[in-house]
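Engineer: Take a look at input_18.txt, compact mmCIF, C-alpha atoms:
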```txt
# COMPACT_ATOMS: atom_id res chain seq x y z
CA MET A 1 -8.04 -30.35 27.84
CA PRO A 2 -4.97 -32.37 26.79
CA ALA A 3 -1.68 -30.50 26.64
CA ARG A 4 -1.21 -31.32 22.94
CA LEU A 5 -4.59 -29.81 22.07
CA ARG A 6 -3.86 -26.65 24.10
CA LEU A 7 -0.49 -26.34 22.38
CA PHE A 8 -2.11 -26.81 18.94
CA LEU A 9 -4.79 -24.18 19.68
CA LEU A 10 -2.20 -21.72 20.98
CA PHE A 11 0.00 -22.25 17.90
CA THR A 12 -3.00 -21.77 15.59
CA LEU A 13 -4.00 -18.58 17.41
CA VAL A 14 -0.48 -17.18 17.11
CA LEU A 15 -0.46 -17.88 13.37
CA LEU A 16 -3.92 -16.46 12.70
CA LEU A 17 -3.79 -13.43 15.00
CA PRO A 18 -1.88 -11.14 12.57
CA ALA A 19 -4.42 -11.86 9.81
CA VAL A 20 -7.35 -11.24 12.13
CA VAL A 21 -5.87 -8.00 13.46
CA TYR A 22 -5.02 -6.82 9.94
CA GLY A 23 -8.49 -7.64 8.64
CA ALA A 24 -10.07 -5.69 11.47
CA SER A 25 -7.86 -2.68 10.69
CA LYS A 26 -8.40 -2.60 6.93
CA THR A 27 -9.57 1.00 7.22
CA GLU A 28 -7.45 3.92 6.16
CA GLY A 29 -4.78 5.38 8.38
CA ARG A 30 -3.12 2.19 9.67
CA VAL A 31 0.65 2.45 9.98
CA CYS A 32 3.12 -0.09 11.34
CA ALA A 33 3.02 -1.12 14.97
CA ALA A 34 5.48 -3.07 17.10
CA GLY A 35 3.77 -6.42 16.46
CA ASP A 36 3.63 -6.22 12.66
CA THR A 37 5.70 -9.08 11.26
CA VAL A 38 5.62 -7.98 7.59
CA ARG A 39 6.23 -4.30 6.94
CA LEU A 40 6.77 -2.12 3.89
CA GLN A 41 9.15 0.77 4.41
CA ILE A 42 8.04 3.08 1.61
CA GLN A 43 9.91 6.13 0.38
CA ILE A 44 8.14 8.38 -2.13
CA ALA A 45 10.39 10.78 -4.03
CA GLY A 46 9.72 13.69 -6.36
CA LEU A 47 6.84 15.40 -4.55
CA ARG A 48 6.47 18.88 -6.01
CA SER A 49 4.81 20.45 -2.96
CA ALA A 50 3.86 19.92 0.67
CA LYS A 51 0.17 20.53 -0.11
CA GLY A 52 -2.39 17.87 0.80
CA ASN A 53 -1.71 14.19 1.31
CA VAL A 54 -0.26 11.21 -0.48
CA THR A 55 -2.79 8.38 -0.75
CA ILE A 56 -1.33 4.89 -1.02
CA MET A 57 -3.38 1.79 -1.89
CA LEU A 58 -2.21 -1.78 -1.40
CA TYR A 59 -3.46 -4.56 -3.70
CA GLY A 60 -2.99 -8.31 -3.57
CA ASP A 61 -1.70 -10.56 -6.32
CA ARG A 62 -4.92 -11.09 -8.29
CA ASP A 63 -4.95 -9.51 -11.76
CA GLU A 64 -8.69 -8.90 -11.63
CA ASP A 65 -8.38 -6.88 -8.37
CA PHE A 66 -5.51 -4.56 -9.30
CA LEU A 67 -6.67 -0.92 -9.47
CA GLN A 68 -10.33 -1.94 -9.12
CA LYS A 69 -12.61 0.05 -6.85
CA GLY A 70 -13.32 -1.77 -3.60
CA LYS A 71 -10.62 -4.41 -4.21
CA ARG A 72 -7.71 -2.84 -2.32
CA LEU A 73 -6.40 -4.52 0.81
CA ALA A 74 -5.48 -1.28 2.55
CA ARG A 75 -5.35 2.47 2.04
CA ILE A 76 -3.35 5.02 3.96
CA ARG A 77 -3.04 8.78 3.65
CA VAL A 78 0.12 10.51 4.80
CA PRO A 79 0.84 14.25 4.84
CA ALA A 80 2.79 15.39 1.78
CA GLN A 81 6.23 16.91 2.14
CA MET A 82 8.24 18.75 -0.46
CA GLY A 83 10.67 16.31 -2.06
CA GLU A 84 10.27 13.03 -0.17
CA VAL A 85 8.00 11.35 2.33
CA SER A 86 8.66 8.04 4.11
CA PHE A 87 6.39 5.81 6.17
CA CYS A 88 5.78 2.21 7.14
CA LEU A 89 2.78 0.17 5.97
CA PRO A 90 1.94 -3.26 7.43
CA VAL A 91 0.87 -6.10 5.15
CA PRO A 92 -1.07 -9.18 6.25
CA ALA A 93 1.51 -11.83 5.35
CA PRO A 94 4.57 -12.45 3.19
CA GLY A 95 3.60 -12.59 -0.47
CA SER A 96 3.07 -10.66 -3.69
CA TYR A 97 1.51 -7.18 -3.62
CA ALA A 98 1.29 -4.00 -5.69
CA LEU A 99 0.92 -0.33 -4.73
CA SER A 100 -0.72 2.61 -6.44
CA LEU A 101 -0.49 6.13 -5.08
CA TYR A 102 -1.34 9.72 -5.85
CA HIS A 103 -0.52 13.17 -4.46
CA ASP A 104 -3.87 14.65 -3.47
CA GLU A 105 -2.76 18.28 -3.52
CA ASP A 106 -6.27 19.75 -3.52
CA GLY A 107 -7.51 17.51 -0.68
CA ASN A 108 -10.57 16.15 -2.50
CA LYS A 109 -9.59 12.51 -1.74
CA LYS A 110 -9.37 11.52 -5.41
CA LEU A 111 -6.92 11.85 -8.28
CA THR A 112 -7.88 15.06 -10.04
CA LYS A 113 -7.88 14.90 -13.85
CA ASN A 114 -8.21 17.47 -16.62
CA TRP A 115 -10.94 17.54 -19.30
CA LEU A 116 -9.01 14.96 -21.32
CA GLY A 117 -8.96 12.57 -18.38
CA LEU A 118 -5.24 13.00 -17.75
CA PRO A 119 -4.03 13.40 -14.13
CA THR A 120 -3.24 16.92 -12.96
CA GLU A 121 -1.87 15.59 -9.66
CA GLY A 122 1.10 13.28 -9.15
CA TYR A 123 0.75 9.51 -9.22
CA GLY A 124 2.94 6.42 -9.07
CA PHE A 125 3.08 2.65 -8.81
CA SER A 126 5.30 0.12 -7.11
CA ARG A 127 8.40 -0.83 -9.11
CA ASN A 128 7.90 2.58 -10.78
CA ALA A 129 5.73 0.83 -13.36
CA ALA A 130 5.53 2.86 -16.56
CA VAL A 131 2.38 4.61 -17.67
CA SER A 132 2.09 5.49 -21.33
CA TYR A 133 -1.19 4.99 -23.15
CA ARG A 134 -2.59 2.72 -20.46
CA LEU A 135 -2.36 2.02 -16.77
CA PRO A 136 0.18 -0.62 -15.75
CA GLU A 137 -0.84 -4.23 -15.36
CA LEU A 138 -0.27 -6.14 -12.14
CA ASP A 139 2.85 -7.95 -13.39
CA GLU A 140 4.51 -4.56 -14.03
CA ALA A 141 3.94 -3.33 -10.47
CA VAL A 142 4.03 -6.49 -8.36
CA PHE A 143 6.71 -6.97 -5.69
CA THR A 144 7.39 -9.53 -2.98
CA ALA A 145 7.01 -8.61 0.69
CA LEU A 146 9.19 -10.79 2.91
CA PRO A 147 8.99 -11.34 6.67
CA GLY A 148 10.43 -8.32 8.46
CA GLU A 149 10.95 -5.14 6.48
CA THR A 150 10.77 -4.74 2.69
CA ARG A 151 11.99 -1.40 1.33
CA LEU A 152 10.36 0.29 -1.67
CA ARG A 153 11.20 3.57 -3.38
CA ILE A 154 8.62 5.09 -5.72
CA THR A 155 9.11 8.27 -7.76
CA MET A 156 6.05 10.46 -8.18
CA ARG A 157 5.09 11.39 -11.75
CA TYR A 158 3.37 14.63 -12.68
```
Show me the file's structure as structure tokens.
Structural biologist:
Amino acid sequence: MPARLRLFLLFTLVLLLPAVVYGASKTEGRVCAAGDTVRLQIQIAGLRSAKGNVTIMLYGDRDEDFLQKGKRLARIRVPAQMGEVSFCLPVPAPGSYALSLYHDEDGNKKLTKNWLGLPTEGYGFSRNAAVSYRLPELDEAVFTALPGETRLRITMRY
């Protein structure tokens, strides 16, 4: 095999490997590892208790996928702590993303709502997107993840 072809194949493998590894680890529970080239350092403030977990979902930059069941890129659950919780979440590549999260205090793995359909557990979105009479749209929650570490701070709403 010519040296140029070997070099091309090696270069291609190095570029594609993070995407392949990320795709294989799309399941919940993945946190940053030493080889992750794009990382979100997320700080969640305003947790009212240490009960349960905080569930965080990562979405890409397509309007039609944001907050849609089965369309998230990743999901991670981290133990809740009174006040603040911080963790690192890898993303597949630099680009535009959005986060949604909720404080699953009762441990049922879903956002609990009252009889009116309003959340009884805390929730939040990247860029602290406002929620009034509707859920936020992608452009209100989208952020840019750069190579290396991107820091986000989200305040939980109850």
Engineer: Please put the answer as AutoDock Vina command-line options: centre and edge lengths, in Å with one decimal, of a box along x, y and z that encloses all listed atoms of segment 111-128 of chain A plus 6 Å on each side.
Structural biologist:
```
--center_x -1.3 --center_y 8.4 --center_z -14.2 --size_x 31.3 --size_y 30.4 --size_z 26.2
```
Engineer: Would you list the contacts of segment 135-137 of chain A as a list in words, taking every protein, DNA or RNA residue within 12 Å and counting all atoms listed in the file, but skipping same-chain residues closer than 3 positions in sequence?
Structural biologist: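 The filter keeps Tyr59, Asp61, Arg62, Asp63, Glu64, Asp65, Phe66, Leu67, Gln68, Ala98, Leu99, Ser100, Leu118, Pro119, Tyr123, Gly124, Phe125, Ser126, Arg127, Asn128, Ala129, Ala130, Val131, Ser132, Glu140, Ala141 and Val142 of chain A.
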Engineer: Given the choices A:Gly52, A:Gly107, A:Gly35, A:Pro92, which gets closest to Pro79 of chain A if the distance is worked out from all atoms listed in the file?
Structural biologist: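 Of the candidates, the smallest distance to Pro79 of chain A is held by A:Gly52.
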Engineer: When you draw a straight line from atom CA of Thr120 of chain A to atom CA of Met156 of chain A, how long is it in Å?
Structural biologist: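 Between these atoms lies a distance of 12.3 Å.
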Engineer: Please measure the separation of atom CA of Glu105 of chain A and atom CA of Thr155 of chain A, giving the value in Å to one decimal.
Structural biologist: 16.1 Å
Engineer: May I ask for the distance between atom CA of Ala145 of chain A and atom CA of Thr55 of chain A, given in Å to one decimal place?
Structural biologist: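 Pair atom CA of Ala145 of chain A / atom CA of Thr55 of chain A returns 19.7 Å.
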Engineer: Ranking A:Leu58, A:Cys88, A:Leu138, A:Leu47 by minimum distance to Thr150 of chain A and counting all atoms listed in the file, which one comes first?
Structural biologist: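 For Thr150 of chain A, the nearest of the given residues is A:Cys88.
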Engineer: Using all atoms listed in the file, find all polymer residues with an atom at most 10 Å away from the point (5.2, -3.1, 7.4); report them as number ranges by chain.
Structural biologist: A: 31-42, 87-93, 145-151
Engineer: Counting only C-alpha atoms, which residue out of A:Arg157, A:Ala45, A:Phe143, A:Arg75 sits closest to Lys109 of chain A?
Structural biologist: A:Arg75
